[in-house]
$ cat upload.cif   # mmCIF, C-alpha atoms
data_start
loop_
_atom_site.label_atom_id
_atom_site.label_comp_id
_atom_site.auth_asym_id
_atom_site.auth_seq_id
_atom_site.Cartn_x
_atom_site.Cartn_y
_atom_site.Cartn_z
CA MET Y 1 -13.31 63.53 8.94
CA SER Y 2 -10.01 63.27 10.84
CA LEU Y 3 -6.67 62.35 9.39
CA THR Y 4 -2.95 62.84 9.71
CA LEU Y 5 -1.33 65.39 7.45
CA TYR Y 6 2.10 64.32 6.19
CA LEU Y 7 3.88 67.28 4.60
CA GLY Y 8 7.31 65.77 4.04
CA CYS Y 9 10.64 67.55 3.68
CA VAL Y 10 10.51 69.94 0.73
CA ILE Y 11 7.26 71.70 1.67
CA ARG Y 12 8.27 72.22 5.27
CA THR Y 13 11.83 73.32 4.60
CA VAL Y 14 11.60 75.38 1.43
CA GLN Y 15 7.91 75.90 0.56
CA PRO Y 16 6.27 77.08 3.83
CA GLU Y 17 3.68 79.07 1.85
CA VAL Y 18 2.54 75.77 0.31
CA GLU Y 19 2.20 74.32 3.81
CA LYS Y 20 0.08 77.33 4.78
CA ALA Y 21 -2.05 76.89 1.64
CA VAL Y 22 -2.58 73.16 2.27
CA LYS Y 23 -3.67 73.80 5.86
CA GLU Y 24 -5.92 76.71 4.87
CA THR Y 25 -7.55 74.57 2.19
CA LEU Y 26 -8.15 71.64 4.54
CA SER Y 27 -9.75 73.91 7.14
CA ARG Y 28 -11.92 75.58 4.54
CA ILE Y 29 -13.20 72.28 3.18
CA GLY Y 30 -14.04 71.05 6.65
CA VAL Y 31 -11.26 68.50 7.11
CA SER Y 32 -9.72 68.34 10.57
CA PHE Y 33 -6.22 66.95 10.75
CA ARG Y 34 -3.38 66.32 13.13
CA GLU Y 35 0.35 66.34 12.39
CA GLN Y 36 3.04 63.95 13.54
CA PRO Y 37 6.32 65.86 13.95
CA GLU Y 38 8.18 62.64 14.78
CA ALA Y 39 7.66 61.22 11.27
CA SER Y 40 10.81 61.28 9.13
CA CYS Y 41 11.52 61.73 5.44
CA CYS Y 42 9.50 59.22 3.37
CA ALA Y 43 12.76 58.04 1.74
CA PRO Y 44 11.53 58.29 -1.88
CA SER Y 45 13.04 56.86 -5.06
CA TRP Y 46 16.55 58.29 -4.68
CA PHE Y 47 16.77 56.74 -1.22
CA PHE Y 48 14.95 53.56 -2.10
CA SER Y 49 17.33 53.03 -5.00
CA LEU Y 50 20.32 53.07 -2.63
CA SER Y 51 18.77 50.86 0.00
CA ARG Y 52 15.41 49.15 -0.17
CA GLU Y 53 15.90 48.06 3.43
CA ALA Y 54 16.33 51.64 4.70
CA TRP Y 55 13.27 52.73 2.71
CA LEU Y 56 11.09 50.01 4.22
CA ARG Y 57 12.39 50.42 7.76
CA LEU Y 58 12.06 54.22 7.82
CA ASN Y 59 8.51 53.85 6.55
CA ASP Y 60 7.76 51.07 9.01
CA ARG Y 61 8.57 53.65 11.66
CA ASN Y 62 6.45 56.27 9.84
CA MET Y 63 3.53 53.84 9.56
CA ARG Y 64 3.63 53.17 13.30
CA LEU Y 65 3.67 56.90 14.05
CA LEU Y 66 1.08 58.07 11.52
CA ASN Y 67 -1.35 55.31 12.44
CA SER Y 68 -4.47 56.56 10.59
CA THR Y 69 -5.55 57.74 7.15
CA VAL Y 70 -2.71 59.89 5.86
CA VAL Y 71 -3.08 62.83 3.51
CA THR Y 72 -0.01 63.93 1.54
CA ALA Y 73 0.62 67.20 -0.29
CA CYS Y 74 3.55 65.97 -2.41
CA ASP Y 75 3.03 63.09 -4.81
CA ASP Y 76 6.54 61.81 -4.23
CA CYS Y 77 5.71 61.38 -0.52
CA PHE Y 78 2.38 59.85 -1.51
CA ALA Y 79 3.96 57.15 -3.66
CA SER Y 80 6.77 56.35 -1.26
CA LEU Y 81 4.51 56.02 1.81
CA ASN Y 82 1.75 54.25 -0.06
CA ASP Y 83 4.04 51.68 -1.71
CA ALA Y 84 6.05 50.97 1.44
CA PHE Y 85 2.93 50.66 3.63
CA ARG Y 86 1.45 48.15 1.20
CA ILE Y 87 4.55 45.96 1.19
CA LEU Y 88 4.88 46.15 4.99
CA ALA Y 89 1.20 45.41 5.62
CA GLU Y 90 1.21 42.52 3.16
CA THR Y 91 4.08 40.76 4.91
CA ARG Y 92 2.08 41.00 8.16
CA GLY Y 93 -1.25 40.05 6.64
CA VAL Y 94 -2.91 43.29 7.76
CA ARG Y 95 -4.64 46.15 5.92
CA PRO Y 96 -2.31 49.08 5.11
CA PRO Y 97 -3.34 52.58 6.25
CA ASP Y 98 -4.95 54.64 3.48
CA VAL Y 99 -2.67 57.24 1.94
CA LYS Y 100 -4.56 59.95 0.08
CA PRO Y 101 -3.05 62.56 -2.21
CA PHE Y 102 -4.23 66.13 -1.54
CA GLN Y 103 -5.96 66.41 -4.93
CA THR Y 104 -7.99 63.22 -4.39
CA LEU Y 105 -9.26 64.44 -1.02
CA LEU Y 106 -9.93 67.90 -2.43
CA LEU Y 107 -12.01 66.57 -5.33
CA GLU Y 108 -14.07 64.43 -2.94
CA ARG Y 109 -14.74 67.34 -0.60
CA LEU Y 110 -15.45 69.88 -3.35
CA ARG Y 111 -18.53 67.86 -4.24
CA GLU Y 112 -19.94 69.03 -0.93
CA VAL Y 113 -18.27 72.40 -0.37
CA LYS Y 114 -18.90 75.17 -2.86
CA PRO Y 115 -15.91 77.46 -3.41
CA ARG Y 116 -16.64 81.05 -2.43
CA LEU Y 117 -14.82 82.74 -5.26
CA GLY Y 118 -14.32 81.93 -8.89
CA PHE Y 119 -11.47 83.20 -11.03
CA LYS Y 120 -12.49 82.16 -14.48
CA GLY Y 121 -9.82 83.25 -16.85
CA LEU Y 122 -6.70 82.19 -14.98
CA ARG Y 123 -5.23 79.71 -17.41
CA CYS Y 124 -3.51 76.81 -15.71
CA ALA Y 125 -1.14 74.27 -17.27
CA VAL Y 126 -1.21 71.15 -15.13
CA GLN Y 127 2.08 69.42 -14.33
CA HIS Y 128 0.80 65.84 -13.91
CA SER Y 129 3.19 64.10 -11.57
CA CYS Y 130 4.56 60.71 -12.56
CA ARG Y 131 4.22 59.40 -9.02
CA PHE Y 132 0.49 60.06 -8.96
CA LEU Y 133 -0.19 58.53 -12.37
CA ARG Y 134 2.18 55.60 -12.54
CA PRO Y 135 2.57 52.73 -12.46
CA ARG Y 136 -0.88 52.43 -14.02
CA GLY Y 137 -1.96 49.92 -11.37
CA ARG Y 138 -2.40 52.80 -8.92
CA GLY Y 139 -5.69 53.52 -10.64
CA LEU Y 140 -6.06 57.03 -9.20
CA ASP Y 141 -6.41 58.67 -12.58
CA ASN Y 142 -6.03 57.69 -16.23
CA PRO Y 143 -2.25 57.86 -16.84
CA GLU Y 144 -2.72 58.43 -20.58
CA ASP Y 145 -5.41 61.10 -20.17
CA PRO Y 146 -5.40 62.39 -16.60
CA LYS Y 147 -8.42 64.38 -15.49
CA MET Y 148 -8.34 64.76 -11.72
CA VAL Y 149 -6.31 67.94 -11.21
CA LYS Y 150 -8.08 69.56 -14.16
CA SER Y 151 -11.47 68.74 -12.61
CA VAL Y 152 -10.36 70.25 -9.31
CA LEU Y 153 -9.20 73.42 -11.08
CA GLU Y 154 -12.46 73.71 -13.01
CA THR Y 155 -14.52 73.26 -9.87
CA LEU Y 156 -12.47 76.01 -8.23
CA GLY Y 157 -13.15 78.38 -11.12
CA PHE Y 158 -9.86 78.16 -13.01
CA LEU Y 159 -9.30 77.28 -16.62
CA PRO Y 160 -7.04 74.28 -17.35
CA VAL Y 161 -5.22 74.51 -20.69
CA SER Y 162 -3.78 71.64 -22.69
CA TYR Y 163 -0.23 71.89 -24.04
CA ASP Y 164 2.28 69.90 -26.07
CA GLY Y 165 4.15 67.36 -23.99
CA GLU Y 166 1.65 67.72 -21.16
CA LEU Y 167 2.22 64.16 -19.98
CA ASN Y 168 6.01 64.31 -20.14
CA CYS Y 169 8.07 63.94 -17.00
CA CYS Y 170 9.52 67.28 -15.78
CA GLY Y 171 12.95 65.70 -15.19
CA GLY Y 172 12.69 66.31 -11.45
CA PHE Y 173 14.77 63.37 -10.41
CA VAL Y 174 17.32 63.18 -13.21
CA SER Y 175 20.59 63.60 -11.34
CA ASP Y 176 22.32 65.19 -14.35
CA GLU Y 177 21.34 68.85 -14.07
CA LYS Y 178 21.79 69.46 -17.79
CA VAL Y 179 19.42 66.67 -18.80
CA GLY Y 180 16.85 67.32 -16.05
CA GLY Y 181 17.00 71.07 -16.68
CA GLU Y 182 16.45 70.57 -20.41
CA MET Y 183 13.40 68.37 -19.79
CA ALA Y 184 11.95 71.04 -17.49
CA ARG Y 185 12.74 73.88 -19.92
CA LEU Y 186 10.95 72.10 -22.76
CA LYS Y 187 7.94 71.48 -20.59
CA ALA Y 188 7.67 74.98 -19.08
CA GLY Y 189 8.24 76.55 -22.50
CA SER Y 190 5.46 74.51 -24.02
CA ALA Y 191 3.03 75.47 -21.22
CA GLU Y 192 3.83 79.13 -21.76
CA LYS Y 193 3.45 78.80 -25.52
CA ALA Y 194 -0.04 77.35 -25.02
CA GLY Y 195 -1.00 80.60 -23.28
CA ALA Y 196 -0.93 79.37 -19.67
CA ASP Y 197 -0.64 82.00 -16.93
CA CYS Y 198 0.86 79.50 -14.50
CA ILE Y 199 1.90 75.88 -14.08
CA VAL Y 200 0.08 73.94 -11.37
CA ALA Y 201 1.76 70.99 -9.68
CA THR Y 202 0.96 68.54 -6.89
CA CYS Y 203 4.54 67.38 -6.30
CA SER Y 204 7.17 69.51 -4.56
CA HIS Y 205 9.95 68.04 -6.67
CA CYS Y 206 8.20 69.02 -9.90
CA MET Y 207 7.97 72.53 -8.47
CA LEU Y 208 11.66 72.58 -7.57
CA ARG Y 209 12.63 71.43 -11.05
CA LEU Y 210 10.28 73.68 -13.03
CA SER Y 211 10.47 76.93 -11.02
CA PRO Y 212 14.03 77.97 -11.93
CA VAL Y 213 13.46 77.50 -15.68
CA SER Y 214 9.86 78.67 -16.06
CA ARG Y 215 8.96 82.20 -17.10
CA ILE Y 216 5.43 81.76 -15.74
CA PRO Y 217 4.82 81.09 -12.02
CA VAL Y 218 4.90 77.46 -10.84
CA LEU Y 219 2.31 76.93 -8.12
CA HIS Y 220 1.07 74.12 -5.95
CA LEU Y 221 -2.58 73.24 -6.45
CA ALA Y 222 -3.16 74.10 -2.77
CA GLN Y 223 -2.18 77.72 -3.41
CA LEU Y 224 -4.98 78.05 -5.95
CA SER Y 225 -7.50 76.08 -3.89
CA ALA Y 226 -6.83 78.18 -0.78
CA PHE Y 227 -7.12 81.36 -2.87
CA SER Y 228 -10.37 80.25 -4.43
CA LEU Y 229 -11.76 79.31 -1.03
CA GLY Y 230 -11.01 82.76 0.34
CA SER Y 231 -7.48 82.72 1.86
CA ASP Y 232 -5.30 85.84 1.91
CA PRO Y 233 -3.18 85.51 -1.28
CA LEU Y 234 -0.10 87.02 0.33
CA GLN Y 235 -0.06 84.38 3.09
CA ILE Y 236 -0.09 81.56 0.57
CA GLY Y 237 2.64 82.91 -1.68
CA LEU Y 238 0.63 83.85 -4.76
CA PRO Y 239 2.73 86.18 -6.93
CA GLU Y 240 1.31 89.68 -7.27
CA SER Y 241 1.82 89.67 -11.03
CA LEU Y 242 -0.54 86.73 -11.30
CA LEU Y 243 -3.16 88.40 -9.14
CA ARG Y 244 -2.99 91.57 -11.21
CA ARG Y 245 -3.63 89.48 -14.28
CA VAL Y 246 -6.69 87.88 -12.68
CA VAL Y 247 -8.09 91.23 -11.59
CA LYS Y 248 -7.55 92.77 -15.03
CA ARG Y 249 -9.57 90.09 -16.75
CA MET C 1 18.58 39.69 -8.90
CA LYS C 2 17.64 42.20 -6.18
CA LYS C 3 14.46 41.83 -4.20
CA GLY C 4 11.63 43.96 -5.59
CA ALA C 5 13.25 44.24 -9.02
CA GLY C 6 11.46 43.13 -12.17
CA ASN C 7 12.26 40.22 -14.40
CA PRO C 8 14.82 40.95 -17.15
CA LEU C 9 14.52 37.40 -18.52
CA ARG C 10 11.04 38.12 -19.84
CA CYS C 11 12.40 40.94 -22.02
CA MET C 12 12.14 40.36 -25.78
CA GLN C 13 14.07 43.56 -26.58
CA CYS C 14 11.11 45.22 -28.32
CA GLY C 15 12.24 48.71 -27.27
CA SER C 16 8.86 49.97 -26.02
CA CYS C 17 10.65 51.16 -22.89
CA THR C 18 13.25 53.16 -24.76
CA SER C 19 10.76 54.73 -27.12
CA ALA C 20 8.75 55.88 -24.08
CA CYS C 21 11.78 57.07 -22.09
CA PRO C 22 11.84 60.89 -21.72
CA VAL C 23 15.55 60.92 -20.90
CA ASN C 24 16.39 58.97 -24.06
CA THR C 25 14.88 61.77 -26.17
CA ILE C 26 17.58 64.07 -24.78
CA ARG C 27 20.43 61.63 -24.16
CA GLU C 28 20.37 58.78 -26.66
CA ASP C 29 23.05 56.89 -24.77
CA PHE C 30 20.59 56.34 -21.90
CA ASN C 31 18.73 53.33 -23.20
CA PRO C 32 16.57 51.15 -20.92
CA ARG C 33 16.22 48.41 -23.55
CA ARG C 34 19.99 48.03 -23.73
CA MET C 35 20.30 48.13 -19.94
CA VAL C 36 17.84 45.27 -19.51
CA GLY C 37 19.39 43.41 -22.46
CA SER C 38 22.88 43.53 -21.06
CA ILE C 39 21.61 41.84 -17.88
CA ALA C 40 19.30 39.32 -19.57
CA ARG C 41 21.53 38.32 -22.47
CA PHE C 42 25.05 38.84 -21.18
CA ASN C 43 24.54 38.68 -17.41
CA ARG C 44 26.63 41.83 -17.29
CA LEU C 45 26.14 45.18 -15.54
CA PRO C 46 25.26 47.81 -18.16
CA ASP C 47 27.84 50.53 -18.79
CA GLN C 48 25.22 53.27 -18.49
CA ASP C 49 24.59 55.62 -15.58
CA PRO C 50 21.42 54.41 -13.83
CA TRP C 51 21.20 57.80 -12.09
CA LEU C 52 20.20 59.43 -15.38
CA CYS C 53 16.79 57.74 -15.00
CA SER C 54 14.03 60.25 -14.24
CA THR C 55 12.12 57.53 -12.34
CA CYS C 56 8.94 58.41 -14.25
CA SER C 57 8.01 54.69 -14.64
CA LEU C 58 6.72 55.15 -18.17
CA CYS C 59 8.98 52.27 -19.31
CA THR C 60 7.18 49.97 -16.90
CA ASP C 61 3.75 51.16 -17.99
CA ARG C 62 4.55 50.61 -21.66
CA CYS C 63 6.31 47.23 -21.32
CA PRO C 64 4.20 44.46 -22.92
CA GLN C 65 6.12 41.76 -21.04
CA ALA C 66 5.85 42.96 -17.42
CA VAL C 67 9.63 43.25 -17.22
CA ASN C 68 9.45 46.39 -15.05
CA PRO C 69 12.56 48.17 -16.36
CA PHE C 70 12.07 50.93 -13.75
CA SER C 71 12.65 48.59 -10.83
CA ILE C 72 15.59 46.98 -12.63
CA ILE C 73 17.24 50.39 -13.02
CA MET C 74 16.57 51.14 -9.33
CA ALA C 75 18.16 47.81 -8.38
CA LEU C 76 21.16 48.61 -10.59
CA ARG C 77 21.77 51.80 -8.64
CA ALA C 78 21.85 49.80 -5.42
CA VAL C 79 24.16 47.14 -6.87
CA VAL C 80 26.58 49.78 -8.14
CA TYR C 81 26.54 51.61 -4.79
CA GLU C 82 26.94 48.47 -2.69
CA ASN C 83 29.95 47.46 -4.79
CA GLY C 84 31.76 50.69 -4.06
CA GLY C 85 30.49 52.61 -7.09
CA GLU C 86 29.47 56.22 -7.15
CA ALA C 87 26.16 57.75 -6.21
CA PRO C 88 25.52 61.42 -7.06
CA ALA C 89 26.85 63.82 -4.41
CA GLY C 90 23.49 65.57 -4.11
CA ILE C 91 21.79 62.28 -3.26
CA LEU C 92 24.37 61.37 -0.63
CA ARG C 93 24.00 64.84 0.86
CA MET C 94 20.27 64.22 1.29
CA VAL C 95 20.91 60.86 2.97
CA GLU C 96 23.36 62.63 5.31
CA GLN C 97 20.73 65.29 6.01
CA VAL C 98 18.17 62.59 6.92
CA ARG C 99 20.72 61.20 9.37
CA GLU C 100 21.21 64.65 10.86
CA THR C 101 17.62 65.91 11.17
CA GLY C 102 15.30 63.17 9.89
CA LEU C 103 14.47 65.35 6.87
CA ALA C 104 16.15 65.36 3.47
CA LEU C 105 16.70 69.12 3.31
CA PRO C 106 18.03 71.58 5.91
CA LEU C 107 15.90 74.24 7.58
CA THR C 108 17.69 77.48 6.77
CA PRO C 109 17.38 80.61 8.97
CA GLU C 110 15.47 82.17 6.07
CA SER C 111 12.88 79.38 5.89
CA LEU C 112 12.58 79.33 9.69
CA GLU C 113 11.76 83.04 9.57
CA ARG C 114 9.17 82.51 6.83
CA ARG C 115 7.60 79.72 8.90
CA ARG C 116 7.47 81.97 11.94
CA LEU C 117 5.81 84.80 10.00
CA LEU C 118 3.18 82.40 8.68
CA GLY C 119 2.51 81.03 12.16
CA LEU C 120 3.56 77.48 11.23
CA PRO C 121 4.62 74.98 13.90
CA GLU C 122 8.19 74.01 14.68
CA VAL C 123 9.72 71.22 12.61
CA GLY C 124 11.98 68.49 13.87
CA LEU C 125 12.22 65.06 15.47
CA SER C 126 12.91 64.49 19.17
CA SER C 127 16.35 63.16 20.11
CA GLU C 128 14.80 59.70 20.65
CA GLY C 129 13.24 59.84 17.19
CA LEU C 130 16.53 60.89 15.65
CA SER C 131 18.44 58.05 17.32
CA GLU C 132 15.92 55.62 15.87
CA VAL C 133 16.37 57.06 12.35
CA ARG C 134 20.17 56.94 12.71
CA ARG C 135 20.10 53.34 13.89
CA ILE C 136 17.97 52.34 10.89
CA LEU C 137 20.40 54.03 8.49
CA SER C 138 23.51 52.45 9.94
CA GLU C 139 21.92 49.01 10.16
CA ALA C 140 20.90 49.35 6.51
CA GLY C 141 24.56 49.82 5.68
CA PHE C 142 24.96 53.59 5.22
CA LYS C 143 28.48 54.46 6.22
#

$ encode --input "upload.cif" --output "structure tokens"
Amino acid sequence: MSLTLYLGCVIRTVQPEVEKAVKETLSRIGVSFREQPEASCCAPSWFFSLSREAWLRLNDRNMRLLNSTVVTACDDCFASLNDAFRILAETRGVRPPDVKPFQTLLLERLREVKPRLGFKGLRCAVQHSCRFLRPRGRGLDNPEDPKMVKSVLETLGFLPVSYDGELNCCGGFVSDEKVGGEMARLKAGSAEKAGADCIVATCSHCMLRLSPVSRIPVLHLAQLSAFSLGSDPLQIGLPESLLRRVVKR
Amino acid sequence: MKKGAGNPLRCMQCGSCTSACPVNTIREDFNPRRMVGSIARFNRLPDQDPWLCSTCSLCTDRCPQAVNPFSIIMALRAVVYENGGEAPAGILRMVEQVRETGLALPLTPESLERRRLLGLPEVGLSSEGLSEVRRILSEAGFK
């Protein structure tokens, strides 16, 4: 299977360990990929809400450059590319390129590839990203009772935990820091209260919003998948405290 | 109404959007029902900050009338901006960063070093690519 990996801005500029983890995971599940360094920012909601024209035109350029099935590792990139490609393709009467979120691809491949290690006991609170679940027409997962990331975690040997407010938005894109920060604090606090060892996200913006206010580590799903598939934990940014906890159990 | 925005005229002011809105639980003055109502009933721009929206789209999922309050709020942001209104400084900084490098955030020396240690490839558009991005932004009306 060959596809183009689109990592977007946040992962490449501030979360290089996530990039490493995504690439390690893809290699370990037998997915070959290429990258397209000429692709620009996907111009997500904040951009789109200033200029729909700029959003569509930047992604017209991205669509031309990416030119195959695209896999994303941030759900904000996923939604922006996917939605723009659909609109652009529709106006031209052609089929849009497939855009696949990392977790969807991972779940498909994990049916065939058995993870090498299992870490039963690491309790994970899933941060379900709004962009992946909604609007409901996306049909990738049930927006009122999402299962996909939890299934991936279970297959990898982790233990998903439920928590109060699990489906709430993390406040990632609220431009008022006080309001957005409060939404994130409530969410992270509730995950911790439910006994989670870490929060697991599939959107870089959720990670940026939750990390500064969470007392438990906020990880990208790829960091756990790479770990479970045998990657060196230090290369993929897994906190030592978390590893110690896993070993102890 | 803006292209791509929903239809405020279908709104029957039931409030499903506001009761679903996660921002409203923290800031009661942010009220999607009232925002849509002020457009549909009074043909007036709402006096609320559309940038408080978390863009979670739950309002749109819960709306029984297919009004799509989310896209209406997004369109409001554009209308306010195009008419000389404010957009948050952090957002404008990201637009400026896209114009500069094609990406929304800068590559700091610290992140470049982390990338190097992890053996990750270089990041950045060619000068031709950047000119294309800049042309798109100025033609779309970014000053």

$ interface_residues --input "upload.cif" --of "chain Y" --to "chain C" --cutoff "8 Å" --atoms "only C-alpha atoms" --output "number ranges by chain"
Y: 8-10, 12-14, 16-17, 20, 37-41, 45-51, 53-54, 57-58, 130-131, 134-136, 168-169, 171-176, 179-180, 182-183, 235

$ resolve_selection --input "upload.cif" --expression "the PyMOL selection byres ((chain C and resi 34) around 10)" --output "compact mmCIF listing (two decimals) with C-alpha atoms, keeping the file's coordinate frame"
# COMPACT_ATOMS: atom_id res chain seq x y z
CA GLN C 13 14.07 43.56 -26.58
CA GLY C 15 12.24 48.71 -27.27
CA CYS C 17 10.65 51.16 -22.89
CA THR C 18 13.25 53.16 -24.76
CA ASP C 29 23.05 56.89 -24.77
CA PHE C 30 20.59 56.34 -21.90
CA ASN C 31 18.73 53.33 -23.20
CA PRO C 32 16.57 51.15 -20.92
CA ARG C 33 16.22 48.41 -23.55
CA MET C 35 20.30 48.13 -19.94
CA VAL C 36 17.84 45.27 -19.51
CA GLY C 37 19.39 43.41 -22.46
CA SER C 38 22.88 43.53 -21.06
CA ILE C 39 21.61 41.84 -17.88
CA ALA C 40 19.30 39.32 -19.57
CA ARG C 41 21.53 38.32 -22.47
CA PRO C 46 25.26 47.81 -18.16
CA ASP C 47 27.84 50.53 -18.79
CA GLN C 48 25.22 53.27 -18.49

$ atom_distance --input "upload.cif" --atom1 "atom CA of Y:Cys203" --atom2 "atom CA of Y:Val71"
13.2 Å

$ closest_residue --input "upload.cif" --among "Y:Ala84, Y:Leu5, Y:Val218, Y:Ile11" --to "Y:Arg34" --atoms "all atoms listed in the file"
Y:Leu5

$ closest_residue --input "upload.cif" --among "Y:His220, Y:Arg138, Y:Arg185, Y:Arg86" --to "Y:Gln103" --atoms "only C-alpha atoms"
Y:His220

$ resolve_selection --input "upload.cif" --expression "the PyMOL selection byres ((chain Y and resi 242) around 9)" --output "list of chain:residue names"
Y:Leu122, Y:Asp197, Y:Cys198, Y:Ile216, Y:Pro217, Y:Leu238, Y:Pro239, Y:Glu240, Y:Ser241, Y:Leu243, Y:Arg244, Y:Arg245, Y:Val246, Y:Val247
